[in-house]
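Pasted below: target-v3.txt, compact mmCIF, C-alpha atoms and all ligand atoms.
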```
# COMPACT_ATOMS: atom_id res chain seq x y z
CA ARG A 1 190.95 -63.72 59.93
CA GLY A 2 190.67 -66.91 57.92
CA SER A 3 189.02 -68.67 60.87
CA PRO A 4 185.37 -69.69 60.75
CA ASP A 5 184.65 -66.90 63.23
CA SER A 6 186.24 -64.13 61.26
CA ARG A 7 183.57 -62.24 59.36
CA GLU A 8 185.89 -60.01 57.46
CA GLY A 9 189.49 -59.76 56.40
CA ARG A 10 191.67 -61.17 53.73
CA SER A 11 191.02 -64.71 52.64
CA PRO A 12 193.45 -67.65 52.39
CA SER A 13 195.77 -67.95 49.44
CA ILE A 14 194.69 -69.42 46.16
CA ASP A 15 196.27 -69.14 42.75
CA SER A 16 193.93 -66.92 40.78
CA PRO A 17 190.70 -65.03 41.28
CA ALA A 18 187.51 -66.91 40.49
CA ASP A 19 185.41 -65.60 37.64
CA ASN A 20 182.48 -64.60 39.84
CA ILE A 21 184.54 -62.33 42.10
CA ASN A 22 184.25 -58.61 41.48
CA THR A 23 187.51 -56.81 40.87
CA TYR A 24 187.77 -53.13 41.71
CA ARG A 25 190.50 -50.75 40.64
CA VAL A 26 191.88 -48.50 43.33
CA HIS A 27 194.11 -45.60 42.30
CA VAL A 28 196.65 -44.74 44.99
CA CYS A 29 197.60 -41.09 44.52
CA GLY A 30 200.02 -38.81 46.28
CA GLU A 31 203.37 -37.16 45.97
CA GLU A 32 206.53 -39.20 45.74
CA GLY A 33 207.68 -40.27 49.17
CA VAL A 34 204.34 -40.18 51.01
CA GLY A 35 204.37 -43.98 51.29
CA LYS A 36 202.20 -45.31 48.46
CA THR A 37 204.49 -48.24 47.65
CA SER A 38 204.94 -49.08 51.33
CA LEU A 39 201.20 -49.07 51.89
CA VAL A 40 200.45 -51.36 48.95
CA ASN A 41 203.30 -53.63 50.03
CA GLN A 42 201.68 -53.84 53.46
CA PHE A 43 198.39 -54.80 51.82
CA LEU A 44 200.25 -57.55 50.00
CA SER A 45 202.61 -58.69 52.73
CA SER A 46 200.54 -61.07 54.81
CA ASP A 47 200.85 -64.77 54.00
CA GLN A 48 197.16 -65.06 54.84
CA ILE A 49 195.99 -63.23 51.74
CA ASN A 50 195.36 -63.87 48.10
CA VAL A 51 197.86 -61.95 46.08
CA PHE A 52 197.47 -61.76 42.34
CA GLU A 53 200.43 -59.85 41.03
CA GLY A 54 200.28 -58.05 37.72
CA SER A 55 202.64 -58.78 34.88
CA PRO A 56 206.24 -57.77 35.47
CA GLY A 57 206.56 -54.03 35.05
CA GLU A 58 202.92 -53.36 35.70
CA GLU A 59 202.39 -50.86 38.47
CA GLU A 60 199.44 -52.74 39.79
CA GLN A 61 198.82 -55.49 42.25
CA THR A 62 195.72 -57.27 43.39
CA VAL A 63 194.56 -58.70 46.70
CA SER A 64 191.44 -60.58 47.60
CA VAL A 65 189.40 -59.34 50.55
CA LEU A 66 186.61 -61.21 52.33
CA LEU A 67 184.02 -58.84 53.75
CA ASP A 68 180.55 -59.74 55.04
CA GLY A 69 180.95 -63.23 53.63
CA GLN A 70 181.64 -61.97 50.13
CA GLU A 71 185.00 -61.98 48.42
CA SER A 72 186.20 -59.12 46.22
CA CYS A 73 189.50 -58.27 44.59
CA LEU A 74 191.12 -54.90 44.93
CA CYS A 75 193.65 -53.96 42.28
CA PHE A 76 195.96 -51.13 43.32
CA ILE A 77 197.37 -48.77 40.74
CA ASP A 78 200.18 -46.50 41.83
CA GLU A 79 199.74 -42.94 40.58
CA PRO A 80 203.10 -41.26 41.26
CA SER A 81 201.71 -37.77 41.12
CA SER A 82 198.13 -36.69 41.44
CA ILE A 83 195.54 -38.06 39.07
CA GLN A 84 196.94 -39.27 35.79
CA GLY A 85 194.33 -41.98 35.67
CA ARG A 86 191.37 -39.75 36.29
CA GLY A 87 188.38 -40.16 34.10
CA GLN A 88 189.08 -43.83 33.54
CA PRO A 89 185.73 -45.53 33.91
CA THR A 90 187.46 -48.46 35.55
CA ALA A 91 188.66 -46.49 38.59
CA HIS A 92 186.34 -47.50 41.41
CA ALA A 93 188.17 -45.75 44.22
CA TYR A 94 190.89 -43.25 44.96
CA ILE A 95 193.19 -43.47 47.95
CA LEU A 96 194.58 -39.94 48.28
CA MET A 97 197.68 -40.00 50.41
CA TYR A 98 199.75 -37.38 52.18
CA ASN A 99 202.50 -37.45 54.75
CA VAL A 100 201.43 -36.01 58.13
CA ALA A 101 205.03 -34.83 58.60
CA ASP A 102 205.06 -32.81 55.37
CA ARG A 103 202.49 -30.05 55.00
CA THR A 104 203.20 -29.55 51.30
CA THR A 105 202.00 -33.08 50.55
CA PHE A 106 198.77 -32.26 52.42
CA GLU A 107 198.25 -29.07 50.45
CA ASN A 108 198.94 -30.86 47.18
CA ILE A 109 196.52 -33.68 47.93
CA ILE A 110 193.83 -31.09 48.70
CA ASP A 111 194.46 -29.71 45.20
CA THR A 112 194.03 -33.22 43.82
CA LEU A 113 190.81 -33.63 45.76
CA TYR A 114 189.57 -30.35 44.36
CA GLU A 115 190.50 -31.39 40.81
CA LEU A 116 188.72 -34.71 41.23
CA LYS A 117 185.61 -32.91 42.41
CA GLN A 118 185.77 -30.47 39.50
CA ALA A 119 186.13 -33.41 37.12
CA ASP A 120 183.04 -34.95 38.70
CA GLU A 121 185.06 -37.96 39.82
CA THR A 122 184.02 -37.86 43.48
CA ARG A 123 180.28 -38.49 43.22
CA ASP A 124 180.16 -42.13 42.18
CA ARG A 125 183.52 -43.26 43.46
CA ALA A 126 184.92 -44.11 46.85
CA ILE A 127 187.42 -41.48 47.95
CA ILE A 128 189.59 -42.06 50.99
CA LEU A 129 191.92 -39.38 52.28
CA VAL A 130 194.89 -40.97 54.05
CA GLY A 131 197.37 -39.23 56.35
CA ASN A 132 200.38 -41.56 56.46
CA LYS A 133 203.51 -41.71 58.68
CA THR A 134 201.73 -41.20 62.00
CA ASP A 135 204.73 -42.86 63.68
CA LEU A 136 206.69 -39.66 63.02
CA VAL A 137 205.10 -38.13 66.10
CA ARG A 138 207.66 -35.43 66.75
CA SER A 139 207.75 -34.12 63.21
CA ARG A 140 204.00 -34.13 62.63
CA MET A 141 202.94 -30.99 60.76
CA VAL A 142 199.35 -31.84 59.88
CA GLU A 143 196.94 -32.49 62.73
CA PHE A 144 194.31 -35.22 62.69
CA ASP A 145 191.55 -32.59 62.88
CA GLU A 146 192.78 -30.90 59.71
CA GLY A 147 192.45 -34.14 57.77
CA THR A 148 189.02 -34.77 59.30
CA SER A 149 187.86 -31.31 58.37
CA ILE A 150 189.01 -31.51 54.74
CA ALA A 151 187.43 -34.95 54.37
CA ALA A 152 184.16 -33.63 55.80
CA SER A 153 184.12 -30.71 53.41
CA TYR A 154 184.64 -33.04 50.44
CA ASP A 155 182.30 -35.69 51.81
CA CYS A 156 184.96 -38.40 51.73
CA LYS A 157 186.39 -40.83 54.26
CA PHE A 158 189.51 -40.11 56.29
CA ILE A 159 192.00 -42.31 58.08
CA GLU A 160 195.52 -41.92 59.41
CA THR A 161 197.99 -44.75 58.92
CA SER A 162 201.55 -45.78 59.44
CA ALA A 163 202.59 -48.03 56.60
CA ALA A 164 205.93 -48.49 58.36
CA MET A 165 204.34 -49.72 61.60
CA SER A 166 201.42 -51.42 59.84
CA GLN A 167 199.00 -49.25 61.78
CA ASN A 168 195.44 -48.95 60.45
CA VAL A 169 196.48 -50.66 57.21
CA ASP A 170 193.89 -53.46 57.43
CA GLU A 171 191.26 -50.91 58.46
CA LEU A 172 192.05 -48.90 55.34
CA LEU A 173 191.87 -51.99 53.13
CA VAL A 174 188.50 -53.09 54.49
CA GLY A 175 187.21 -49.50 54.66
CA THR A 176 188.05 -48.96 51.00
CA LEU A 177 186.07 -52.03 49.97
CA LYS A 178 183.15 -50.95 52.20
CA GLN A 179 183.07 -47.56 50.51
CA ILE A 180 183.25 -49.11 47.05
CA ARG A 181 180.31 -51.38 47.82
CA LEU A 182 178.35 -48.51 49.33
CA LYS A 183 178.82 -46.41 46.20
CA GLU A 184 177.87 -49.40 44.09
CA GLN A 185 174.64 -49.88 46.06
CA GLN A 186 173.81 -46.19 45.77
CA GLY A 187 174.25 -46.37 41.99
CA PRO A 188 174.95 -43.35 39.78
CA GLN A 189 174.02 -40.13 41.60
P1 LIG B 1 206.04 -43.51 47.47
O1 LIG B 1 207.04 -42.74 46.68
O2 LIG B 1 204.81 -42.71 47.76
O3 LIG B 1 205.71 -44.85 46.88
O4 LIG B 1 206.68 -43.75 48.91
P2 LIG B 1 207.46 -45.03 49.47
O5 LIG B 1 206.48 -46.10 49.86
O6 LIG B 1 208.55 -45.40 48.52
O7 LIG B 1 208.06 -44.43 50.81
C1 LIG B 1 208.97 -43.37 50.82
C2 LIG B 1 209.81 -43.45 52.09
O8 LIG B 1 208.96 -43.26 53.23
C3 LIG B 1 210.46 -44.81 52.27
O9 LIG B 1 211.74 -44.59 52.84
C4 LIG B 1 209.56 -45.52 53.24
O10 LIG B 1 210.25 -46.48 54.01
C5 LIG B 1 209.07 -44.38 54.10
N1 LIG B 1 207.76 -44.62 54.68
C6 LIG B 1 206.64 -45.07 54.07
N2 LIG B 1 205.63 -45.15 54.94
C7 LIG B 1 206.10 -44.73 56.13
C8 LIG B 1 205.53 -44.57 57.44
O11 LIG B 1 204.36 -44.86 57.70
N3 LIG B 1 206.35 -44.07 58.42
C9 LIG B 1 207.66 -43.75 58.17
N4 LIG B 1 208.36 -43.28 59.21
N5 LIG B 1 208.23 -43.91 56.98
C10 LIG B 1 207.46 -44.39 55.97
```

Take the structure in this file and express it as structure tokens.
Amino acid sequence: RGSPDSREGRSPSIDSPADNINTYRVHVCGEEGVGKTSLVNQFLSSDQINVFEGSPGEEEQTVSVLLDGQESCLCFIDEPSSIQGRGQPTAHAYILMYNVADRTTFENIIDTLYELKQADETRDRAIILVGNKTDLVRSRMVEFDEGTSIAASYDCKFIETSAAMSQNVDELLVGTLKQIRLKEQQGPQ
């Protein structure tokens, strides 16, 4: 990352995004406590990245990601419960998060996924289902296969993470941008 050999990852720090860089808004949804804040903080924590913080009080933060030689900014908007921001034309992606150690959060995020589909929000936007807290091995209540199966039935991406252990966090960041670009290339369906 940051080296001439690295083809993707977060790029070195600068002060502000250039005008020609696309900025995408990513809504991070999920029940309180699933790890939304921790995840976004992990996205922002490396000293190797561009971080463009919002105004004080704004629940949004922006990082710059270099992927396939092209830089883009991802702006994360914390949605405390479900999908308050739905229908906003500026939402390019949804990260839908649950806690693998709490089945209720899984069931609730499936409801959110269903609502998004009903609202026709899933077709043109990147949707990533995220099972967080995989480090809580002993108290796991939702199996990997259950997440995979729900994601398959809604035609969205799925990944498990541990925001606490920084596991799969970079993969999620890059995967989100990949999905956004894919949807953009496909155009309105
Ligand atoms: P939010 O309400 O969804 O923003 O959740 P937070 O990011 O505030 O996290 C809620 C609690 O879960 C905090 O105590 C975090 O430290 C903890 N937490 C977040 N991610 C993980 C994780 O991957 N593993 C574990 N064990 N704890 C986590």

If you take all atoms listed in the file and a cut-off of 9 Å, which residues of chain A touch ligand LIG 1 (chain B), and what are their nearest atom pairs and distances in Å to one decimal, in chain and number order, as a Markdown table?
```
| residue | atom | partner | partner_atom | distance |
| --- | --- | --- | --- | --- |
| A:Val28 | CA | B:LIG1 | O2 | 8.9 |
| A:Cys29 | CA | B:LIG1 | O2 | 8.1 |
| A:Gly30 | CA | B:LIG1 | O2 | 6.4 |
| A:Glu31 | CA | B:LIG1 | O2 | 6.0 |
| A:Glu32 | CA | B:LIG1 | O1 | 3.7 |
| A:Gly33 | CA | B:LIG1 | O1 | 3.6 |
| A:Val34 | CA | B:LIG1 | O2 | 4.1 |
| A:Gly35 | CA | B:LIG1 | O5 | 3.3 |
| A:Lys36 | CA | B:LIG1 | O2 | 3.7 |
| A:Thr37 | CA | B:LIG1 | O5 | 3.7 |
| A:Ser38 | CA | B:LIG1 | O5 | 3.7 |
| A:Leu39 | CA | B:LIG1 | O5 | 6.4 |
| A:Val40 | CA | B:LIG1 | O5 | 8.1 |
| A:Asn41 | CA | B:LIG1 | O5 | 8.2 |
| A:Asp78 | CA | B:LIG1 | O3 | 7.7 |
| A:Glu79 | CA | B:LIG1 | O2 | 8.8 |
| A:Pro80 | CA | B:LIG1 | O1 | 6.9 |
| A:Ser81 | CA | B:LIG1 | O2 | 8.8 |
| A:Met97 | CA | B:LIG1 | O2 | 8.1 |
| A:Tyr98 | CA | B:LIG1 | O2 | 8.6 |
| A:Asn99 | CA | B:LIG1 | O11 | 8.2 |
| A:Asn132 | CA | B:LIG1 | O11 | 5.3 |
| A:Lys133 | CA | B:LIG1 | O11 | 3.4 |
| A:Thr134 | CA | B:LIG1 | O11 | 6.2 |
| A:Asp135 | CA | B:LIG1 | N3 | 5.6 |
| A:Leu136 | CA | B:LIG1 | N4 | 5.5 |
| A:Thr161 | CA | B:LIG1 | O11 | 6.5 |
| A:Ser162 | CA | B:LIG1 | O11 | 3.4 |
| A:Ala163 | CA | B:LIG1 | O11 | 3.8 |
| A:Ala164 | CA | B:LIG1 | O11 | 4.0 |
| A:Met165 | CA | B:LIG1 | O11 | 6.2 |
| A:Ser166 | CA | B:LIG1 | O11 | 7.5 |
| A:Gln167 | CA | B:LIG1 | O11 | 8.0 |
```

Please produce an output containing C-alpha atoms for each residue in the selection, written as a PDB file, in the coordinates of the input.
```
ATOM      1  CA  VAL A  28     196.650 -44.740  44.990  1.00  0.00           C
ATOM      2  CA  CYS A  29     197.600 -41.090  44.520  1.00  0.00           C
ATOM      3  CA  GLY A  30     200.020 -38.810  46.280  1.00  0.00           C
ATOM      4  CA  GLU A  31     203.370 -37.160  45.970  1.00  0.00           C
ATOM      5  CA  GLU A  32     206.530 -39.200  45.740  1.00  0.00           C
ATOM      6  CA  GLY A  33     207.680 -40.270  49.170  1.00  0.00           C
ATOM      7  CA  VAL A  34     204.340 -40.180  51.010  1.00  0.00           C
ATOM      8  CA  GLY A  35     204.370 -43.980  51.290  1.00  0.00           C
ATOM      9  CA  LYS A  36     202.200 -45.310  48.460  1.00  0.00           C
ATOM     10  CA  THR A  37     204.490 -48.240  47.650  1.00  0.00           C
ATOM     11  CA  SER A  38     204.940 -49.080  51.330  1.00  0.00           C
ATOM     12  CA  LEU A  39     201.200 -49.070  51.890  1.00  0.00           C
ATOM     13  CA  VAL A  40     200.450 -51.360  48.950  1.00  0.00           C
ATOM     14  CA  ASN A  41     203.300 -53.630  50.030  1.00  0.00           C
ATOM     15  CA  ASP A  78     200.180 -46.500  41.830  1.00  0.00           C
ATOM     16  CA  GLU A  79     199.740 -42.940  40.580  1.00  0.00           C
ATOM     17  CA  PRO A  80     203.100 -41.260  41.260  1.00  0.00           C
ATOM     18  CA  SER A  81     201.710 -37.770  41.120  1.00  0.00           C
ATOM     19  CA  MET A  97     197.680 -40.000  50.410  1.00  0.00           C
ATOM     20  CA  TYR A  98     199.750 -37.380  52.180  1.00  0.00           C
ATOM     21  CA  ASN A  99     202.500 -37.450  54.750  1.00  0.00           C
ATOM     22  CA  ASN A 132     200.380 -41.560  56.460  1.00  0.00           C
ATOM     23  CA  LYS A 133     203.510 -41.710  58.680  1.00  0.00           C
ATOM     24  CA  THR A 134     201.730 -41.200  62.000  1.00  0.00           C
ATOM     25  CA  ASP A 135     204.730 -42.860  63.680  1.00  0.00           C
ATOM     26  CA  LEU A 136     206.690 -39.660  63.020  1.00  0.00           C
ATOM     27  CA  THR A 161     197.990 -44.750  58.920  1.00  0.00           C
ATOM     28  CA  SER A 162     201.550 -45.780  59.440  1.00  0.00           C
ATOM     29  CA  ALA A 163     202.590 -48.030  56.600  1.00  0.00           C
ATOM     30  CA  ALA A 164     205.930 -48.490  58.360  1.00  0.00           C
ATOM     31  CA  MET A 165     204.340 -49.720  61.600  1.00  0.00           C
ATOM     32  CA  SER A 166     201.420 -51.420  59.840  1.00  0.00           C
ATOM     33  CA  GLN A 167     199.000 -49.250  61.780  1.00  0.00           C
TER      34      GLN A 167
END
```

Original post:
Pick the closest to Thr176 in chain A from A:Ile127, A:Val63, A:Leu113, A:Met141: which is it, counting all atoms listed in the file?
Top reply: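 Closest to Thr176 in chain A of all the choices is A:Ile127.
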
Enter the distance from CA of Ser153 in chain A to CA of Gly131 in chain A, in Å, rounded to one decimal.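 Separation of CA of Ser153 in chain A and CA of Gly131 in chain A: 16.0 Å.
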
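The two atoms in question, CA of Ala126 in chain A and CA of Ser139 in chain A, are spaced 29.8 Å apart.
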
Compile the contact shell of Asp155 in chain A as a PDB file with C-alpha atoms, in the frame of the given file: residues with an atom at most 9 Å away, counting only C-alpha atoms, same-chain residues fewer than 4 positions apart removed.
```
ATOM      1  CA  THR A 122     184.020 -37.860  43.480  1.00  0.00           C
ATOM      2  CA  ILE A 127     187.420 -41.480  47.950  1.00  0.00           C
ATOM      3  CA  ILE A 150     189.010 -31.510  54.740  1.00  0.00           C
ATOM      4  CA  ALA A 151     187.430 -34.950  54.370  1.00  0.00           C
TER       5      ALA A 151
END
```

Excluding same-chain residues fewer than 3 positions from Ile180 in chain A, what lies within 12 Å of it counting all atoms listed in the file, as a ChimeraX atom specification?
/A:22-26,67,72-74,91-95,122-128,156-157,173-177,183-187

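Across the structure, CA of Lys117 in chain A and CA of Leu182 in chain A are spaced 18.5 Å apart.
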